[in-house]
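See structure below.
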Amino acid sequence: MYIACMSKKYFSLLLMLTLCSFQAFSQGFVKRYINGILNDTSDISKPQFLVYPTLAYAPETSWEIGLSSLLVYYAKRDTSNRLSEINGFTFFTLENQYGLWFDHAIYSDQNKWFFLGRIRLQSFPLKYHGIGMDTPEDYLALVDANQIMIKERVLREVKRNLYFGLEADFQRISRVDFQPSPEAPEFDLPLGYTGSTNFGIGLGLVYDDRHNVLNVRKGRFSELAFLRYFPAFSDFGFNTIISDTRIFTPVGKNNVLAWQLLGQFNSGDVPFNQLALMGGDSMMRGYYLGRFRDNNQLATQIEFRMLPLPLGFTNRIGAAAFAGTGTVFPDFSKSAIHKVVWSAGGGLRFLLFPKKDIYTRFDVAFTQEGTGYYLFIGEAF
């Protein structure tokens, strides 16, 4: 009995010491991890990998809890090459949404090859407001669906900073369920309301002289792409042309004036999920992604970035102010392009990787219909 009691005491003591040691190790590891991020002293050419929890709010998701990861590196650890980045993100939200995202912009040695793409795997109940600019502010239906979206560009440098190559886009939306809002009027279900699988392939021409895609201080990016979704490989046959131009101009020592013009033009039988969608965390921030949708979209935005702010006590806090305007429309007749909406806001920046000049951003965007909040690593464009 005494031996048993002693064994229990020693076991309890050992368990307590083990838990305390684990707690101390965990606290020490977390402290070292955070300190390594905030006070990075590593060689600038060394790849850096970051994993961090996220808590954010956006019109598409309400409150969102997730885990993000970011890998940034120079090919062959040569800083004359452009900075490559691979970003992963998994999340669930209070709106019963969950998913896994991967984005990447990868440059080979001497920037001869450029791989630019994204992957989205998600169960994402989305709000459907209808098609066009005259759709009601209150959504018509909540669309529950599973989505797979894979887009990839494989580009080869043909002339300094000019890339040409293949572009491919695969999108599948399945288990689609339109749940009409109780207050919504009757509406026609859009093309693709039962789900669809579409694969498009085409050509892309890209001019890119940016050195750091996550925080461009000076440079230009311009993409012109054509994708054909052949009926042989897709449930619907249609064409898409994408034009995306971005110009970044230094203002003084630390400030940047950034401008973007985006166009998407579809023709043929386009399912509702692959129409030109306005809104999201990049262009026209503050609007729900897909709040406005139609065959075509034209949108532009301008942003003034102060990286960092001249605060005196720290050089790791920055700020930005932005404004944009856009429209969607069925065709190019004067009667079709009749209404535009605006978005404006600002945000704070925190210098996450000082040697690689990478900031994390928190943006607040205001629109005619409400407010959106966004938390991401890297600038919106």
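If you're wondering about the labels, chains in the structure tokens are A, B, ... by order shown, residues count from 1 in each chain, ligands from 1 in order shown.
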
DSSP says strand (DSSP E) for which residues of segment 188-299 of chain A? Put them as a ChimeraX atom specification?
-> /A:196-208,219-229,238-251,255-268,276-278,292-294,296-299

Name all residues at most 8 Å from Gly378 of chain A (count only C-alpha atoms; drop same-chain ones fewer than 4 positions away) and give them as JSON, numbers by chain.
-> {"A": [214, 215, 358, 359, 360, 361]}

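Between atom CA of Gly263 of chain A and atom CA of Ala299 of chain A the interatomic distance comes to 6.6 Å.
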
Check which residues of segment 71-173 of chain A sit at most 9 Å from segment 285-294 of chain A using only C-alpha atoms, and return one row each with the closest pair of atoms and their distance in Å to one decimal, ordered by chain and rising number, as JSON lines.
```
{"residue": "A:Leu126", "atom": "CA", "partner": "A:Gly290", "partner_atom": "CA", "distance": 8.5}
{"residue": "A:Lys127", "atom": "CA", "partner": "A:Arg291", "partner_atom": "CA", "distance": 7.6}
{"residue": "A:Tyr128", "atom": "CA", "partner": "A:Arg291", "partner_atom": "CA", "distance": 7.2}
{"residue": "A:His129", "atom": "CA", "partner": "A:Arg291", "partner_atom": "CA", "distance": 6.2}
{"residue": "A:Gly130", "atom": "CA", "partner": "A:Arg293", "partner_atom": "CA", "distance": 7.4}
{"residue": "A:Ile131", "atom": "CA", "partner": "A:Arg293", "partner_atom": "CA", "distance": 5.3}
{"residue": "A:Gly132", "atom": "CA", "partner": "A:Asp294", "partner_atom": "CA", "distance": 5.4}
{"residue": "A:Met133", "atom": "CA", "partner": "A:Phe292", "partner_atom": "CA", "distance": 6.1}
{"residue": "A:Asp134", "atom": "CA", "partner": "A:Phe292", "partner_atom": "CA", "distance": 8.7}
{"residue": "A:Thr135", "atom": "CA", "partner": "A:Phe292", "partner_atom": "CA", "distance": 7.5}
{"residue": "A:Glu137", "atom": "CA", "partner": "A:Arg291", "partner_atom": "CA", "distance": 8.3}
{"residue": "A:Tyr139", "atom": "CA", "partner": "A:Arg291", "partner_atom": "CA", "distance": 8.5}
```

With N, CA and C atoms kept, could you save the residues just selected as a short mmCIF file (atom, residue, chain, number, x, y, z; two decimals), in the first residue's frame?
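What landed in again_7.cif:
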```
data_model
loop_
_atom_site.label_atom_id
_atom_site.label_comp_id
_atom_site.auth_asym_id
_atom_site.auth_seq_id
_atom_site.Cartn_x
_atom_site.Cartn_y
_atom_site.Cartn_z
N LEU A 126 -22.79 30.29 -51.11
CA LEU A 126 -22.63 31.66 -51.59
C LEU A 126 -23.97 32.29 -51.87
N LYS A 127 -23.97 33.60 -51.79
CA LYS A 127 -25.20 34.36 -52.02
C LYS A 127 -25.32 34.70 -53.50
N TYR A 128 -26.47 34.40 -54.04
CA TYR A 128 -26.74 34.69 -55.45
C TYR A 128 -27.74 35.84 -55.53
N HIS A 129 -27.32 36.95 -56.13
CA HIS A 129 -28.16 38.14 -56.24
C HIS A 129 -28.81 38.27 -57.61
N GLY A 130 -28.44 37.38 -58.53
CA GLY A 130 -28.92 37.52 -59.89
C GLY A 130 -27.81 37.96 -60.81
N ILE A 131 -28.17 38.30 -62.05
CA ILE A 131 -27.20 38.67 -63.07
C ILE A 131 -27.45 40.11 -63.50
N GLY A 132 -26.37 40.90 -63.56
CA GLY A 132 -26.46 42.28 -63.99
C GLY A 132 -26.27 43.27 -62.85
N MET A 133 -26.31 44.55 -63.18
CA MET A 133 -26.11 45.62 -62.20
C MET A 133 -27.38 46.03 -61.49
N ASP A 134 -28.53 45.62 -61.99
CA ASP A 134 -29.80 46.03 -61.39
C ASP A 134 -30.36 44.97 -60.44
N THR A 135 -29.51 44.09 -59.96
CA THR A 135 -29.95 43.04 -59.05
C THR A 135 -30.19 43.61 -57.66
N GLU A 137 -30.20 44.29 -53.60
CA GLU A 137 -29.16 44.24 -52.57
C GLU A 137 -29.32 43.00 -51.70
N TYR A 139 -30.00 39.16 -51.22
CA TYR A 139 -29.76 38.04 -52.12
C TYR A 139 -31.05 37.28 -52.44
#
```

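Using only C-alpha atoms, the residues found no farther than 9 Å from Phe381 of chain A, other than those of its own chain fewer than 6 positions away, are Val213, Leu214, Asn215, Val216, Arg246, Ala258, Trp259, Gln260, Ser282 and Met283 of chain A.
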
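The closest residue to Gly165 of chain A, picked from A:Arg210, A:Lys46, A:Lys76, A:Lys112 and counting only C-alpha atoms, is A:Lys112.
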
Residues near segment 107-109 of chain A, cut-off 9 Å, only C-alpha atoms, skip fewer than 6 positions along chain, as an NGL selection string = :A and (74-76 or 78 or 81-85 or 115-116)

Pick out each residue of segment 51-236 of chain A that DSSP on the backbone tags as helix (DSSP H, G or I); I need them as a VMD selection string.
-> chain A and resid 75 to 77 109 to 111

Need the shell around Lys159 of chain A: protein/DNA/RNA residues with any atom at most 12 Å away, counting only C-alpha atoms. Skip same-chain ones fewer than 4 positions apart. Format as a PDB file with C-alpha atoms, in the first residue's frame?
```
ATOM      1  CA  ASN A 111      13.494  34.341 -64.373  1.00  0.00           C
ATOM      2  CA  LYS A 112      13.325  32.315 -67.581  1.00  0.00           C
ATOM      3  CA  TRP A 113      10.173  30.442 -66.563  1.00  0.00           C
ATOM      4  CA  LEU A 155       5.061  30.915 -69.288  1.00  0.00           C
ATOM      5  CA  TYR A 163       6.476  35.904 -71.222  1.00  0.00           C
ATOM      6  CA  PHE A 164       4.381  33.717 -73.492  1.00  0.00           C
ATOM      7  CA  LEU A 205       0.999  36.920 -72.973  1.00  0.00           C
ATOM      8  CA  VAL A 206       2.459  38.532 -69.850  1.00  0.00           C
ATOM      9  CA  TYR A 207       4.794  41.469 -69.327  1.00  0.00           C
ATOM     10  CA  ASP A 208       6.261  41.406 -65.829  1.00  0.00           C
ATOM     11  CA  ASP A 209       9.217  43.345 -64.439  1.00  0.00           C
TER      12      ASP A 209
END
```

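Minimum distance to Val158 of chain A across A:Phe114, A:Gln179, A:Leu348, A:Ile242 (counting only C-alpha atoms) occurs at A:Phe114.
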
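The shortest atom-to-atom distance to Ala225 of chain A, with only C-alpha atoms taken into account, belongs to A:Gly204 out of A:Gly195, A:Pro185, A:Pro330, A:Gly204.
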
Leu375 of chain A surroundings by only C-alpha atoms, 10 Å radius, close-in-sequence under 4 positions cut, as a count of residues only = 14

What's the 10 Å shell around His104 of chain A, counting only C-alpha atoms, without same-chain residues fewer than 2 positions away, as a PyMOL selection string?
-> chain A and resi 70-72+84-88+102+106-107+115-119+152

Put those residues in a file: C-alpha atoms, as a tab-separated table (two decimals), in the first residue's frame.
```tsv
chain	number	residue	atom	x	y	z
A	70	LEU	CA	3.75	31.12	-46.65
A	71	LEU	CA	6.98	30.08	-48.35
A	72	VAL	CA	9.13	32.75	-50.00
A	84	SER	CA	8.91	33.40	-55.52
A	85	GLU	CA	6.00	32.79	-53.15
A	86	ILE	CA	3.73	29.86	-52.35
A	87	ASN	CA	0.79	30.59	-50.08
A	88	GLY	CA	-1.51	28.02	-48.47
A	102	PHE	CA	-3.11	27.48	-52.64
A	106	ILE	CA	7.19	30.90	-59.01
A	107	TYR	CA	10.18	32.13	-61.01
A	115	PHE	CA	4.49	29.68	-63.11
A	116	LEU	CA	1.46	31.61	-61.89
A	117	GLY	CA	-1.66	29.94	-60.57
A	118	ARG	CA	-4.10	29.05	-57.83
A	119	ILE	CA	-6.08	26.11	-56.44
A	152	GLU	CA	-2.34	27.57	-64.03
```

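Between Glu167 of chain A and the residues A:Arg217, A:Lys356, A:Arg228, A:Arg316, the shortest atom-to-atom distance, using only C-alpha atoms, involves A:Arg228.
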
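For the set A:Leu352, A:Val341, A:Leu121, A:Ala380, the residue with the smallest atom-to-atom gap to Phe366 of chain A is A:Val341, counting only C-alpha atoms.
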
Could you state the separation of atom CA of Glu223 of chain A and atom CA of Ile201 of chain A in Å, given to one decimal place?
-> 15.5 Å

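Separating atom CA of Leu351 of chain A from atom CA of Asn254 of chain A is a distance of 12.8 Å.
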